[in-house]
file run33.txt (compact mmCIF, C-alpha atoms and all ligand atoms)
# COMPACT_ATOMS: atom_id res chain seq x y z
CA MET A 24 -50.94 -20.17 -10.17
CA LYS A 25 -51.59 -23.90 -10.64
CA PRO A 26 -48.78 -25.64 -12.53
CA GLU A 27 -51.22 -27.25 -14.97
CA VAL A 28 -52.32 -23.83 -16.23
CA LEU A 29 -48.74 -22.88 -17.09
CA GLY A 30 -47.50 -23.48 -20.60
CA PHE A 31 -44.96 -26.11 -21.60
CA ALA A 32 -42.10 -23.64 -21.91
CA THR A 33 -42.85 -22.11 -18.51
CA ARG A 34 -42.99 -25.56 -16.89
CA ALA A 35 -39.77 -26.58 -18.63
CA ILE A 36 -38.11 -23.67 -16.87
CA LEU A 37 -39.82 -23.52 -13.46
CA ALA A 38 -41.50 -26.84 -12.64
CA GLY A 39 -39.95 -29.09 -9.98
CA ARG A 40 -37.74 -26.52 -8.35
CA ASN A 41 -39.28 -27.04 -4.90
CA ALA A 42 -39.54 -30.81 -5.21
CA ALA A 43 -36.32 -31.78 -3.43
CA ARG A 44 -36.60 -33.11 0.14
CA GLN A 45 -34.71 -31.45 2.97
CA ALA A 46 -31.29 -33.02 3.11
CA THR A 47 -27.92 -32.52 4.78
CA PRO A 48 -25.28 -33.85 2.39
CA ALA A 49 -21.82 -34.59 3.76
CA VAL A 50 -20.26 -32.79 0.82
CA THR A 51 -21.24 -29.16 0.25
CA PRO A 52 -23.60 -29.24 -2.73
CA LEU A 53 -22.23 -27.59 -5.84
CA VAL A 54 -24.46 -24.57 -6.34
CA SER A 55 -24.09 -24.09 -10.06
CA THR A 56 -25.93 -20.85 -10.62
CA SER A 57 -24.92 -17.32 -11.49
CA LEU A 58 -28.11 -15.97 -9.97
CA PHE A 59 -29.92 -16.08 -6.62
CA THR A 60 -33.53 -14.91 -6.71
CA PHE A 61 -35.17 -12.72 -4.07
CA GLU A 62 -38.60 -13.25 -2.47
CA ASP A 63 -39.56 -9.59 -2.59
CA THR A 64 -37.91 -6.19 -2.51
CA GLU A 65 -37.59 -6.28 1.27
CA ASP A 66 -35.58 -9.48 0.86
CA LEU A 67 -33.44 -7.78 -1.80
CA LEU A 68 -32.77 -4.83 0.48
CA ARG A 69 -31.59 -7.24 3.20
CA PHE A 70 -28.84 -8.31 0.82
CA TYR A 71 -27.62 -4.74 0.32
CA GLN A 72 -28.18 -3.37 3.81
CA ALA A 73 -27.46 -6.34 6.09
CA ASP A 74 -25.23 -8.45 3.81
CA GLU A 75 -27.71 -11.35 4.08
CA GLY A 76 -28.25 -14.00 1.45
CA TYR A 77 -26.92 -13.96 -2.10
CA LEU A 78 -27.78 -12.01 -5.22
CA TYR A 79 -25.37 -12.65 -8.07
CA LEU A 80 -22.36 -14.96 -8.19
CA ARG A 81 -19.73 -12.29 -8.84
CA TYR A 82 -20.76 -10.84 -5.44
CA GLY A 83 -20.37 -14.24 -3.74
CA GLY A 84 -22.10 -17.58 -3.37
CA PRO A 85 -22.51 -20.40 -0.87
CA ASN A 86 -19.63 -22.60 -2.16
CA GLN A 87 -17.35 -19.56 -2.08
CA ASP A 88 -18.35 -18.68 1.51
CA VAL A 89 -17.69 -22.22 2.74
CA VAL A 90 -14.21 -22.40 1.19
CA ALA A 91 -13.23 -18.84 2.15
CA ALA A 92 -14.17 -19.60 5.77
CA LYS A 93 -12.25 -22.89 5.72
CA LEU A 94 -9.09 -21.29 4.31
CA ALA A 95 -9.37 -18.35 6.74
CA SER A 96 -9.55 -20.84 9.60
CA LEU A 97 -6.47 -22.72 8.34
CA GLU A 98 -4.45 -19.48 8.08
CA GLY A 99 -5.72 -18.18 11.43
CA ALA A 100 -7.49 -15.29 9.68
CA GLU A 101 -10.80 -13.57 10.38
CA ALA A 102 -12.02 -13.80 6.80
CA GLY A 103 -11.10 -14.72 3.25
CA LEU A 104 -11.82 -13.99 -0.39
CA LEU A 105 -11.50 -16.31 -3.37
CA PHE A 106 -10.30 -15.34 -6.83
CA ALA A 107 -10.20 -16.87 -10.29
CA SER A 108 -6.40 -17.34 -10.05
CA GLY A 109 -3.46 -16.51 -7.84
CA MET A 110 -2.68 -13.56 -10.10
CA ALA A 111 -6.26 -12.26 -9.75
CA ALA A 112 -5.84 -12.46 -5.95
CA ILE A 113 -2.48 -10.66 -6.00
CA THR A 114 -3.37 -7.93 -8.49
CA THR A 115 -6.82 -7.23 -7.02
CA THR A 116 -5.35 -7.03 -3.51
CA LEU A 117 -2.59 -4.63 -4.55
CA LEU A 118 -4.91 -2.48 -6.68
CA ALA A 119 -7.29 -2.15 -3.76
CA LEU A 120 -4.56 -1.22 -1.29
CA LEU A 121 -2.50 1.19 -3.40
CA GLU A 122 -3.08 4.74 -4.60
CA PRO A 123 -0.98 7.05 -6.78
CA GLY A 124 1.95 8.35 -4.73
CA ASP A 125 2.18 5.25 -2.54
CA HIS A 126 5.38 3.28 -2.19
CA VAL A 127 5.83 -0.51 -2.22
CA ILE A 128 8.85 -2.52 -1.11
CA ALA A 129 9.07 -6.02 -2.53
CA ALA A 130 11.63 -8.73 -2.92
CA HIS A 131 13.36 -9.13 -6.30
CA GLN A 132 12.62 -12.83 -6.00
CA LEU A 133 8.92 -13.09 -6.85
CA TYR A 134 6.68 -15.14 -9.08
CA PRO A 135 7.17 -13.56 -12.54
CA GLY A 136 3.49 -12.55 -12.77
CA THR A 137 3.83 -10.53 -9.56
CA HIS A 138 7.19 -9.20 -10.75
CA ASN A 139 5.56 -8.05 -14.02
CA PHE A 140 2.75 -6.31 -12.15
CA LEU A 141 5.22 -4.41 -9.95
CA ALA A 142 7.65 -3.69 -12.80
CA HIS A 143 5.18 -2.72 -15.53
CA VAL A 144 1.70 -2.01 -14.11
CA ALA A 145 2.46 -0.26 -10.80
CA PRO A 146 4.45 2.57 -12.49
CA LYS A 147 1.47 3.32 -14.77
CA LEU A 148 -0.55 3.94 -11.60
CA GLN A 149 2.19 6.21 -10.21
CA VAL A 150 3.00 3.69 -7.51
CA GLU A 151 6.69 3.75 -6.63
CA VAL A 152 8.34 0.34 -6.17
CA THR A 153 11.67 -0.51 -4.49
CA ARG A 154 12.97 -4.04 -4.94
CA VAL A 155 15.40 -5.65 -2.51
CA GLN A 156 17.01 -9.03 -1.86
CA ALA A 157 14.37 -11.36 -0.39
CA ASP A 158 16.61 -12.37 2.51
CA SER A 159 18.00 -8.90 3.34
CA LEU A 160 16.24 -7.17 6.22
CA SER A 161 18.72 -4.31 6.12
CA GLN A 162 17.91 -3.53 2.46
CA ALA A 163 14.21 -3.56 3.34
CA GLU A 164 14.79 -1.27 6.31
CA GLN A 165 16.88 1.18 4.25
CA SER A 166 14.11 1.35 1.65
CA LEU A 167 11.35 2.39 4.08
CA LYS A 168 9.74 5.75 3.38
CA PRO A 169 7.07 7.62 5.33
CA TYR A 170 4.66 6.88 2.47
CA THR A 171 5.48 3.15 2.16
CA LYS A 172 2.11 1.43 2.06
CA VAL A 173 2.85 -2.23 1.34
CA LEU A 174 5.69 -4.71 1.78
CA PHE A 175 5.14 -7.70 -0.51
CA TRP A 176 7.10 -10.93 -0.03
CA GLU A 177 7.14 -14.63 -0.84
CA SER A 178 8.79 -17.02 1.61
CA PRO A 179 10.09 -19.45 0.43
CA THR A 180 10.62 -17.71 -2.92
CA ASN A 181 10.01 -19.24 -6.32
CA PRO A 182 12.24 -20.95 -7.54
CA SER A 183 15.38 -20.43 -5.40
CA LEU A 184 13.62 -20.94 -2.04
CA TYR A 185 15.04 -17.93 -0.17
CA LEU A 186 13.33 -17.29 3.14
CA ALA A 187 12.50 -13.92 4.65
CA ASP A 188 12.18 -13.27 8.37
CA LEU A 189 8.44 -12.59 8.29
CA ALA A 190 8.11 -11.40 11.91
CA ALA A 191 10.90 -8.87 11.38
CA LEU A 192 9.42 -7.70 8.06
CA ALA A 193 6.03 -7.22 9.74
CA GLU A 194 7.68 -5.05 12.39
CA LEU A 195 9.42 -2.97 9.73
CA ALA A 196 6.17 -2.52 7.83
CA HIS A 197 4.24 -1.50 10.93
CA SER A 198 6.93 0.99 11.95
CA VAL A 199 5.81 3.23 9.05
CA GLY A 200 2.12 2.23 9.11
CA ALA A 201 2.50 -0.10 6.10
CA LEU A 202 1.01 -3.57 5.60
CA LEU A 203 2.95 -6.79 5.09
CA VAL A 204 1.37 -8.96 2.39
CA VAL A 205 2.81 -12.49 2.08
CA ASP A 206 2.36 -14.91 -0.81
CA ASN A 207 2.19 -18.19 1.15
CA THR A 208 1.77 -20.45 -1.90
CA PHE A 209 4.98 -22.43 -1.42
CA ALA A 210 4.64 -23.11 2.31
CA THR A 211 0.84 -23.46 2.70
CA PRO A 212 -0.82 -22.75 6.07
CA TYR A 213 -0.01 -26.30 7.18
CA ASN A 214 3.69 -25.39 7.28
CA GLN A 215 3.66 -21.62 7.89
CA ARG A 216 1.10 -19.09 9.08
CA PRO A 217 2.36 -15.59 8.27
CA LEU A 218 -0.57 -13.86 10.03
CA GLU A 219 0.55 -15.40 13.34
CA LEU A 220 4.02 -13.95 12.65
CA GLY A 221 2.55 -10.45 12.23
CA ALA A 222 1.72 -10.26 8.51
CA ASP A 223 -1.48 -8.40 7.63
CA LEU A 224 -2.68 -10.28 4.56
CA VAL A 225 -1.83 -13.64 3.02
CA VAL A 226 -2.36 -14.32 -0.67
CA HIS A 227 -2.29 -17.67 -2.43
CA SER A 228 -2.19 -19.34 -5.74
CA ALA A 229 -4.72 -21.96 -4.60
CA THR A 230 -4.00 -23.62 -7.96
CA LYS A 231 -1.02 -25.26 -6.29
CA TYR A 232 -0.98 -27.12 -2.94
CA LEU A 233 -4.35 -25.90 -1.65
CA ALA A 234 -6.24 -27.52 -4.52
CA GLY A 235 -3.42 -30.01 -4.95
CA HIS A 236 -4.46 -32.02 -7.99
CA SER A 237 -3.53 -29.88 -11.05
CA ALA A 238 -7.27 -29.69 -11.83
CA LEU A 239 -8.13 -26.00 -11.49
CA LEU A 240 -6.97 -22.39 -11.24
CA ALA A 241 -7.82 -20.42 -8.10
CA GLY A 242 -6.50 -17.72 -5.79
CA ALA A 243 -7.23 -16.37 -2.34
CA CYS A 244 -6.57 -13.51 0.03
CA VAL A 245 -7.12 -13.87 3.79
CA GLY A 246 -6.69 -11.56 6.76
CA LYS A 247 -8.62 -9.18 8.99
CA ALA A 248 -12.19 -8.52 7.88
CA ASP A 249 -11.77 -4.73 7.77
CA LEU A 250 -8.71 -5.05 5.49
CA LEU A 251 -10.57 -7.41 3.18
CA GLU A 252 -13.62 -5.17 2.77
CA PRO A 253 -12.09 -2.78 0.21
CA ILE A 254 -10.48 -5.74 -1.57
CA ALA A 255 -13.88 -7.45 -1.84
CA LYS A 256 -15.31 -4.27 -3.37
CA PHE A 257 -12.50 -4.16 -5.91
CA ALA A 258 -12.99 -7.85 -6.67
CA ARG A 259 -16.63 -7.22 -7.60
CA THR A 260 -15.56 -4.42 -9.92
CA LEU A 261 -12.54 -6.11 -11.49
CA GLY A 262 -14.49 -9.35 -11.78
CA GLY A 263 -11.83 -11.95 -11.08
CA THR A 264 -13.96 -13.92 -8.64
CA LEU A 265 -13.93 -17.72 -8.51
CA GLY A 266 -16.51 -19.94 -10.22
CA SER A 267 -18.49 -22.46 -8.19
CA PHE A 268 -17.16 -25.68 -9.71
CA GLU A 269 -13.56 -24.64 -9.07
CA THR A 270 -14.55 -23.62 -5.55
CA TRP A 271 -16.22 -26.98 -4.97
CA LEU A 272 -13.13 -28.87 -6.17
CA LEU A 273 -10.91 -26.63 -4.03
CA GLU A 274 -12.96 -27.57 -0.96
CA LEU A 275 -12.29 -31.26 -1.60
CA GLY A 276 -8.59 -30.47 -1.98
CA LEU A 277 -8.43 -28.51 1.28
CA LYS A 278 -9.92 -31.41 3.24
CA THR A 279 -6.78 -33.47 2.59
CA LEU A 280 -4.22 -30.64 2.69
CA HIS A 281 -2.67 -31.80 6.00
CA VAL A 282 -2.21 -35.40 4.84
CA ARG A 283 -0.79 -34.38 1.49
CA MET A 284 1.58 -31.84 3.06
CA ASP A 285 2.93 -34.43 5.53
CA ARG A 286 3.86 -36.63 2.58
CA HIS A 287 5.14 -33.71 0.44
CA ASN A 288 7.33 -32.61 3.39
CA ALA A 289 8.69 -36.11 4.02
CA ASN A 290 9.33 -36.98 0.37
CA ALA A 291 11.00 -33.62 -0.35
CA GLN A 292 13.31 -33.97 2.66
CA LYS A 293 14.52 -37.35 1.35
CA VAL A 294 14.87 -36.02 -2.21
CA ALA A 295 16.83 -32.97 -1.01
CA GLU A 296 19.18 -35.16 1.07
CA PHE A 297 19.68 -37.53 -1.87
CA LEU A 298 20.45 -34.67 -4.26
CA SER A 299 22.87 -33.03 -1.80
CA ALA A 300 24.99 -36.18 -1.85
CA HIS A 301 24.84 -36.67 -5.64
CA PRO A 302 28.08 -36.12 -7.59
CA LYS A 303 26.27 -34.50 -10.57
CA VAL A 304 24.60 -31.87 -8.36
CA GLU A 305 26.35 -28.54 -7.72
CA TYR A 306 24.07 -27.34 -4.90
CA VAL A 307 20.57 -27.87 -3.49
CA HIS A 308 18.11 -25.33 -2.10
CA TYR A 309 15.75 -26.78 0.52
CA PRO A 310 14.96 -25.03 3.82
CA GLY A 311 14.66 -28.41 5.56
CA LEU A 312 18.34 -29.32 4.97
CA SER A 313 20.40 -28.72 8.11
CA SER A 314 23.16 -27.43 5.78
CA ASP A 315 20.85 -24.79 4.26
CA PRO A 316 22.08 -21.29 5.24
CA GLN A 317 18.53 -20.36 6.28
CA HIS A 318 17.66 -23.58 8.10
CA LYS A 319 17.60 -21.85 11.49
CA LEU A 320 15.09 -19.26 10.25
CA ALA A 321 13.09 -22.06 8.63
CA ARG A 322 12.83 -23.82 11.99
CA GLN A 323 11.76 -20.56 13.66
CA GLN A 324 8.89 -19.75 11.38
CA MET A 325 7.89 -23.01 9.65
CA THR A 326 6.66 -26.31 11.05
CA GLY A 327 7.44 -28.20 7.83
CA TYR A 328 9.47 -27.33 4.75
CA SER A 329 7.03 -28.18 1.96
CA GLY A 330 7.59 -30.10 -1.25
CA MET A 331 9.63 -27.64 -3.32
CA VAL A 332 13.28 -28.45 -3.94
CA SER A 333 15.56 -26.75 -6.43
CA PHE A 334 19.05 -27.81 -7.45
CA ALA A 335 21.77 -26.83 -9.87
CA VAL A 336 23.28 -29.43 -12.16
CA LYS A 337 27.00 -29.60 -12.90
CA GLY A 338 27.69 -29.09 -16.60
CA GLY A 339 25.58 -25.99 -17.23
CA PRO A 340 22.13 -25.30 -18.70
CA GLU A 341 22.34 -28.03 -21.39
CA ALA A 342 23.07 -30.63 -18.72
CA ALA A 343 20.05 -29.39 -16.74
CA THR A 344 17.86 -29.70 -19.85
CA ARG A 345 19.07 -33.27 -20.39
CA VAL A 346 18.16 -34.18 -16.80
CA VAL A 347 14.66 -32.68 -17.14
CA ASP A 348 14.12 -34.47 -20.44
CA ALA A 349 15.34 -37.80 -19.03
CA ALA A 350 12.77 -37.96 -16.19
CA ARG A 351 10.48 -40.99 -16.55
CA VAL A 352 8.49 -41.19 -13.28
CA ILE A 353 8.61 -37.47 -12.57
CA THR A 354 6.29 -35.47 -14.82
CA ARG A 355 7.55 -32.51 -16.85
CA GLY A 356 5.35 -29.49 -16.13
CA ALA A 357 5.53 -25.80 -15.29
CA SER A 358 3.30 -25.82 -12.21
CA LEU A 359 3.76 -27.16 -8.66
CA GLY A 360 2.05 -28.39 -5.54
CA ALA A 361 0.34 -31.36 -7.16
CA VAL A 362 0.02 -35.06 -6.33
CA GLU A 363 2.38 -35.85 -9.21
CA SER A 364 6.02 -34.77 -8.96
CA LEU A 365 6.74 -31.98 -11.44
CA ILE A 366 10.10 -31.01 -12.90
CA ASN A 367 11.22 -28.09 -15.06
CA GLN A 368 14.08 -25.74 -15.74
CA PRO A 369 12.92 -22.32 -14.43
CA ALA A 370 15.18 -20.34 -16.79
CA ILE A 371 13.03 -21.73 -19.62
CA THR A 372 9.60 -21.84 -17.88
CA LEU A 373 9.39 -18.94 -15.38
CA GLY A 374 12.16 -17.02 -17.11
CA PHE A 375 11.24 -17.41 -20.78
CA SER A 376 9.84 -13.89 -21.22
CA LEU A 377 12.30 -12.23 -18.82
CA SER A 378 15.58 -10.57 -19.77
CA GLU A 379 18.84 -12.10 -18.59
CA ALA A 380 19.25 -9.27 -16.08
CA GLU A 381 15.77 -9.95 -14.70
CA ARG A 382 16.51 -13.67 -14.45
CA ARG A 383 19.61 -12.83 -12.43
CA LEU A 384 17.69 -10.51 -10.08
CA LEU A 385 14.87 -13.01 -9.66
CA ALA A 386 17.45 -15.71 -8.79
CA ILE A 387 16.73 -17.97 -11.76
CA PRO A 388 20.15 -19.39 -12.71
CA PRO A 389 20.33 -21.16 -16.10
CA ASN A 390 21.36 -24.57 -14.72
CA LEU A 391 18.71 -24.66 -11.97
CA ILE A 392 16.06 -27.38 -11.90
CA ARG A 393 12.89 -26.91 -9.89
CA LEU A 394 11.26 -30.00 -8.51
CA SER A 395 7.82 -30.08 -6.94
CA VAL A 396 8.06 -33.34 -5.04
CA GLY A 397 4.76 -35.21 -5.25
CA LEU A 398 3.15 -38.05 -3.38
CA GLU A 399 4.62 -41.02 -5.29
CA GLU A 400 6.78 -43.67 -3.54
CA VAL A 401 9.93 -41.78 -2.68
CA GLU A 402 12.17 -44.72 -3.73
CA ASP A 403 10.75 -44.44 -7.25
CA LEU A 404 11.49 -40.71 -7.30
CA LEU A 405 15.08 -41.21 -6.09
CA ALA A 406 15.70 -43.92 -8.70
CA ASP A 407 14.27 -41.70 -11.42
CA LEU A 408 16.42 -38.74 -10.39
CA ASP A 409 19.47 -40.97 -10.24
CA GLN A 410 18.98 -42.29 -13.79
CA ALA A 411 18.10 -38.80 -15.09
CA LEU A 412 21.24 -37.31 -13.52
CA GLN A 413 23.35 -39.88 -15.39
CA GLN A 414 22.35 -37.91 -18.53
CA ALA A 415 23.67 -34.60 -17.13
C1 LIG B 1 1.66 -19.92 -9.48
C2 LIG B 1 1.98 -18.83 -8.55
C3 LIG B 1 1.29 -17.61 -8.60
C4 LIG B 1 0.24 -17.32 -9.65
O1 LIG B 1 -0.90 -18.11 -9.43
P1 LIG B 1 -1.93 -18.51 -10.60
O2 LIG B 1 -2.93 -19.34 -9.85
O3 LIG B 1 -1.16 -19.26 -11.63
O4 LIG B 1 -2.49 -17.25 -11.13
C5 LIG B 1 1.60 -16.65 -7.66
N1 LIG B 1 2.55 -16.87 -6.72
C6 LIG B 1 3.26 -18.02 -6.66
C7 LIG B 1 4.30 -18.19 -5.61
C8 LIG B 1 2.99 -19.04 -7.57
O5 LIG B 1 3.70 -20.18 -7.52
call {"tool": "encode", "arguments": {"input": "run33.txt", "output": "structure tokens"}}
result
Amino acid sequence: MKPEVLGFATRAILAGRNAARQATPAVTPLVSTSLFTFEDTEDLLRFYQADEGYLYLRYGGPNQDVVAAKLASLEGAEAGLLFASGMAAITTTLLALLEPGDHVIAAHQLYPGTHNFLAHVAPKLQVEVTRVQADSLSQAEQSLKPYTKVLFWESPTNPSLYLADLAALAELAHSVGALLVVDNTFATPYNQRPLELGADLVVHSATKYLAGHSALLAGACVGKADLLEPIAKFARTLGGTLGSFETWLLELGLKTLHVRMDRHNANAQKVAEFLSAHPKVEYVHYPGLSSDPQHKLARQQMTGYSGMVSFAVKGGPEAATRVVDAARVITRGASLGAVESLINQPAITLGFSLSEAERRLLAIPPNLIRLSVGLEEVEDLLADLDQALQQA
């Protein structure tokens, strides 16, 4: 049909769509569409039968494929899936893997969203959950059952930065035919690749270091393609897939992950050493400190120690609050992994809706401060911490 015979409204919608020249942009174009059309029914059937092309954004799109492949490559995985948030990645993955009657072993020390899922949602699905100390292999081993299906761990944990021996946990999991799923948000694949240590799946809050700029929410799950297939099916049904603009921004973030992590690692090391020597500081958690009880394990399984430091202030919770409130260069905020340094008191942020007993189990002491060390000049960060600690 000749364009000039089409009406104004039809031309407003369709005209010009083939007018662009062939081009190869350096940056993946943002494909901002929920819908991909098909040439004919044969073309449509190719989508269903041969997994070719795209149909509808909840089932996947070109930006999503590019970023999933990039993240899979960085983690040493066969394939990857993107989600609308870290929690969507974690819950969709666990819902796809678990059935009524299955058993999960997980660390007490988990992101509170994951803790809430295991404590309050899993029992509704008749999934049995045993929680153990993050750094205790013997507790994990004693909890194994013939019907254990998943071991779920963070390493380092949020916010007390406990490490778990991931290779040993993978062996334990595999001894009963279970899968080890690791939340690698704190370390990032630049510093730690759990799949190379034997883990089966890695999940992420890509909101944090992977995106890196506090500009978006995203999540991911990477691993072997056959393990991801049922998770991808669940993702389509549950609907927590990632939008294209967020995916596009995440791709830009991932391109500088290595440079940012080098600076996060270096700045955090200096901050942790400074805090360890400070008279107002009771103790510091940072796996990169040679005095850290888990430093040897850190050196075994990590190539860098990331930007997360937590420390307890002498003088109790009120003193910790005064330090947080006195920060001038460091930004107060409840997230992490961003270009700007972020400070908060986890008992009030992460722990606000938890009971005191839960806060104790999750290793969130009242006088703890969590610091996500950013990319500012480290001298400015040290001076800011020094003046803030005078208020303790
Ligand atoms: C933030 C975070 C999550 C949740 O991710 P969202 O993107 O906020 O949904 C999960 N795990 C860890 C370790 C986190 O820090």
call {"tool": "closest_atom_pairs", "arguments": {"input": "run33.txt", "of": "chain A", "to": "ligand LIG 1 (chain B)", "cutoff": "8 Å", "atoms": "only C-alpha atoms and all ligand atoms", "output": "Markdown table"}}
result
| residue | atom | partner | partner_atom | distance |
| --- | --- | --- | --- | --- |
| A:Ala107 | CA | B:LIG1 | O2 | 7.7 |
| A:Ser108 | CA | B:LIG1 | O2 | 4.0 |
| A:Gly109 | CA | B:LIG1 | O1 | 3.4 |
| A:Met110 | CA | B:LIG1 | O4 | 3.8 |
| A:Ala111 | CA | B:LIG1 | O4 | 6.4 |
| A:Ala112 | CA | B:LIG1 | O4 | 7.8 |
| A:Ile113 | CA | B:LIG1 | C5 | 7.4 |
| A:Leu133 | CA | B:LIG1 | C7 | 7.0 |
| A:Tyr134 | CA | B:LIG1 | N1 | 5.1 |
| A:Gly136 | CA | B:LIG1 | C4 | 6.6 |
| A:Thr137 | CA | B:LIG1 | C5 | 6.8 |
| A:Glu177 | CA | B:LIG1 | C7 | 6.6 |
| A:Thr180 | CA | B:LIG1 | C7 | 6.9 |
| A:Asn181 | CA | B:LIG1 | C7 | 5.8 |
| A:Asp206 | CA | B:LIG1 | C7 | 6.1 |
| A:Asn207 | CA | B:LIG1 | C7 | 7.1 |
| A:Thr208 | CA | B:LIG1 | C7 | 5.0 |
| A:Phe209 | CA | B:LIG1 | C7 | 6.0 |
| A:His227 | CA | B:LIG1 | N1 | 6.5 |
| A:Ser228 | CA | B:LIG1 | O1 | 4.1 |
| A:Ala229 | CA | B:LIG1 | O2 | 6.1 |
| A:Thr230 | CA | B:LIG1 | O2 | 4.8 |
| A:Lys231 | CA | B:LIG1 | C1 | 6.8 |
| A:Leu240 | CA | B:LIG1 | O2 | 5.2 |
| A:Ala241 | CA | B:LIG1 | O2 | 5.3 |
| A:Gly242 | CA | B:LIG1 | O2 | 5.6 |
| A:Ser358 | CA | B:LIG1 | C1 | 6.7 |
| A:Leu359 | CA | B:LIG1 | O5 | 7.1 |
call {"tool": "closest_residue", "arguments": {"input": "run33.txt", "among": "A:Pro52, A:Pro253, A:Pro369, A:Gly327", "to": "Arg286 in chain A", "atoms": "only C-alpha atoms"}}
result
A:Gly327
call {"tool": "closest_residue", "arguments": {"input": "run33.txt", "among": "A:Pro389, A:Gly84, A:Gly397, A:Pro340", "to": "Leu365 in chain A", "atoms": "all atoms listed in the file"}}
result
A:Gly397
call {"tool": "closest_residue", "arguments": {"input": "run33.txt", "among": "A:Ala415, A:Leu105, A:Val28, A:Leu377", "to": "Pro302 in chain A", "atoms": "only C-alpha atoms"}}
result
A:Ala415
call {"tool": "residues_around", "arguments": {"input": "run33.txt", "residues": "Pro217 in chain A", "least_positions_apart": "4", "cutoff": "9 Å", "atoms": "only C-alpha atoms", "output": "list in words"}}
result
Glu98, Leu189, Ala190, Val204, Val205, Asn207, Pro212, Gly221, Ala222, Asp223, Leu224, Val225 and Gln324 of chain A
call {"tool": "write_last_selection", "arguments": {"input": "run33.txt", "atoms": "C-alpha atoms", "output": "PDB file, in the frame of the given file"}}
result
ATOM      1  CA  GLU A  98      -4.450 -19.480   8.080  1.00  0.00           C
ATOM      2  CA  LEU A 189       8.440 -12.590   8.290  1.00  0.00           C
ATOM      3  CA  ALA A 190       8.110 -11.400  11.910  1.00  0.00           C
ATOM      4  CA  VAL A 204       1.370  -8.960   2.390  1.00  0.00           C
ATOM      5  CA  VAL A 205       2.810 -12.490   2.080  1.00  0.00           C
ATOM      6  CA  ASN A 207       2.190 -18.190   1.150  1.00  0.00           C
ATOM      7  CA  PRO A 212      -0.820 -22.750   6.070  1.00  0.00           C
ATOM      8  CA  GLY A 221       2.550 -10.450  12.230  1.00  0.00           C
ATOM      9  CA  ALA A 222       1.720 -10.260   8.510  1.00  0.00           C
ATOM     10  CA  ASP A 223      -1.480  -8.400   7.630  1.00  0.00           C
ATOM     11  CA  LEU A 224      -2.680 -10.280   4.560  1.00  0.00           C
ATOM     12  CA  VAL A 225      -1.830 -13.640   3.020  1.00  0.00           C
ATOM     13  CA  GLN A 324       8.890 -19.750  11.380  1.00  0.00           C
TER      14      GLN A 324
END
call {"tool": "closest_residue", "arguments": {"input": "run33.txt", "among": "A:Val155, A:Ile128, A:Tyr232, A:Leu141", "to": "Met284 in chain A", "atoms": "only C-alpha atoms"}}
result
A:Tyr232
call {"tool": "residues_around", "arguments": {"input": "run33.txt", "residues": "Phe106 in chain A", "least_positions_apart": "4", "cutoff": "12 Å", "atoms": "only C-alpha atoms", "output": "PyMOL selection string"}}
result
chain A and resi 81-83+87+90-91+110-116+226-230+239-245+254-255+257-259+261-267+269-270+273
call {"tool": "build_atoms", "arguments": {"input": "run33.txt", "residues": "range 394-404 of chain A", "atoms": "N, CA and C atoms", "output": "PDB file, keeping the file's coordinate frame"}}
result
ATOM      1  N   LEU A 394      11.970 -28.742  -8.677  1.00  0.00           N
ATOM      2  CA  LEU A 394      11.260 -30.000  -8.510  1.00  0.00           C
ATOM      3  C   LEU A 394      10.162 -29.801  -7.482  1.00  0.00           C
ATOM      4  N   SER A 395       8.929 -30.061  -7.896  1.00  0.00           N
ATOM      5  CA  SER A 395       7.820 -30.080  -6.940  1.00  0.00           C
ATOM      6  C   SER A 395       7.630 -31.551  -6.601  1.00  0.00           C
ATOM      7  N   VAL A 396       8.066 -31.925  -5.398  1.00  0.00           N
ATOM      8  CA  VAL A 396       8.060 -33.340  -5.040  1.00  0.00           C
ATOM      9  C   VAL A 396       6.628 -33.761  -4.685  1.00  0.00           C
ATOM     10  N   GLY A 397       6.152 -34.772  -5.404  1.00  0.00           N
ATOM     11  CA  GLY A 397       4.760 -35.210  -5.250  1.00  0.00           C
ATOM     12  C   GLY A 397       4.609 -36.313  -4.232  1.00  0.00           C
ATOM     13  N   LEU A 398       3.537 -37.073  -4.400  1.00  0.00           N
ATOM     14  CA  LEU A 398       3.150 -38.050  -3.380  1.00  0.00           C
ATOM     15  C   LEU A 398       3.446 -39.492  -3.806  1.00  0.00           C
ATOM     16  N   GLU A 399       4.260 -39.669  -4.852  1.00  0.00           N
ATOM     17  CA  GLU A 399       4.620 -41.020  -5.290  1.00  0.00           C
ATOM     18  C   GLU A 399       5.513 -41.683  -4.232  1.00  0.00           C
ATOM     19  N   GLU A 400       5.814 -42.987  -4.420  1.00  0.00           N
ATOM     20  CA  GLU A 400       6.780 -43.670  -3.540  1.00  0.00           C
ATOM     21  C   GLU A 400       8.124 -42.974  -3.692  1.00  0.00           C
ATOM     22  N   VAL A 401       8.710 -42.580  -2.584  1.00  0.00           N
ATOM     23  CA  VAL A 401       9.930 -41.780  -2.680  1.00  0.00           C
ATOM     24  C   VAL A 401      11.072 -42.576  -3.316  1.00  0.00           C
ATOM     25  N   GLU A 402      11.102 -43.907  -3.118  1.00  0.00           N
ATOM     26  CA  GLU A 402      12.170 -44.720  -3.730  1.00  0.00           C
ATOM     27  C   GLU A 402      12.102 -44.616  -5.251  1.00  0.00           C
ATOM     28  N   ASP A 403      10.891 -44.562  -5.796  1.00  0.00           N
ATOM     29  CA  ASP A 403      10.750 -44.440  -7.250  1.00  0.00           C
ATOM     30  C   ASP A 403      11.252 -43.071  -7.730  1.00  0.00           C
ATOM     31  N   LEU A 404      11.019 -42.048  -6.923  1.00  0.00           N
ATOM     32  CA  LEU A 404      11.490 -40.710  -7.300  1.00  0.00           C
ATOM     33  C   LEU A 404      13.015 -40.645  -7.258  1.00  0.00           C
TER      34      LEU A 404
END
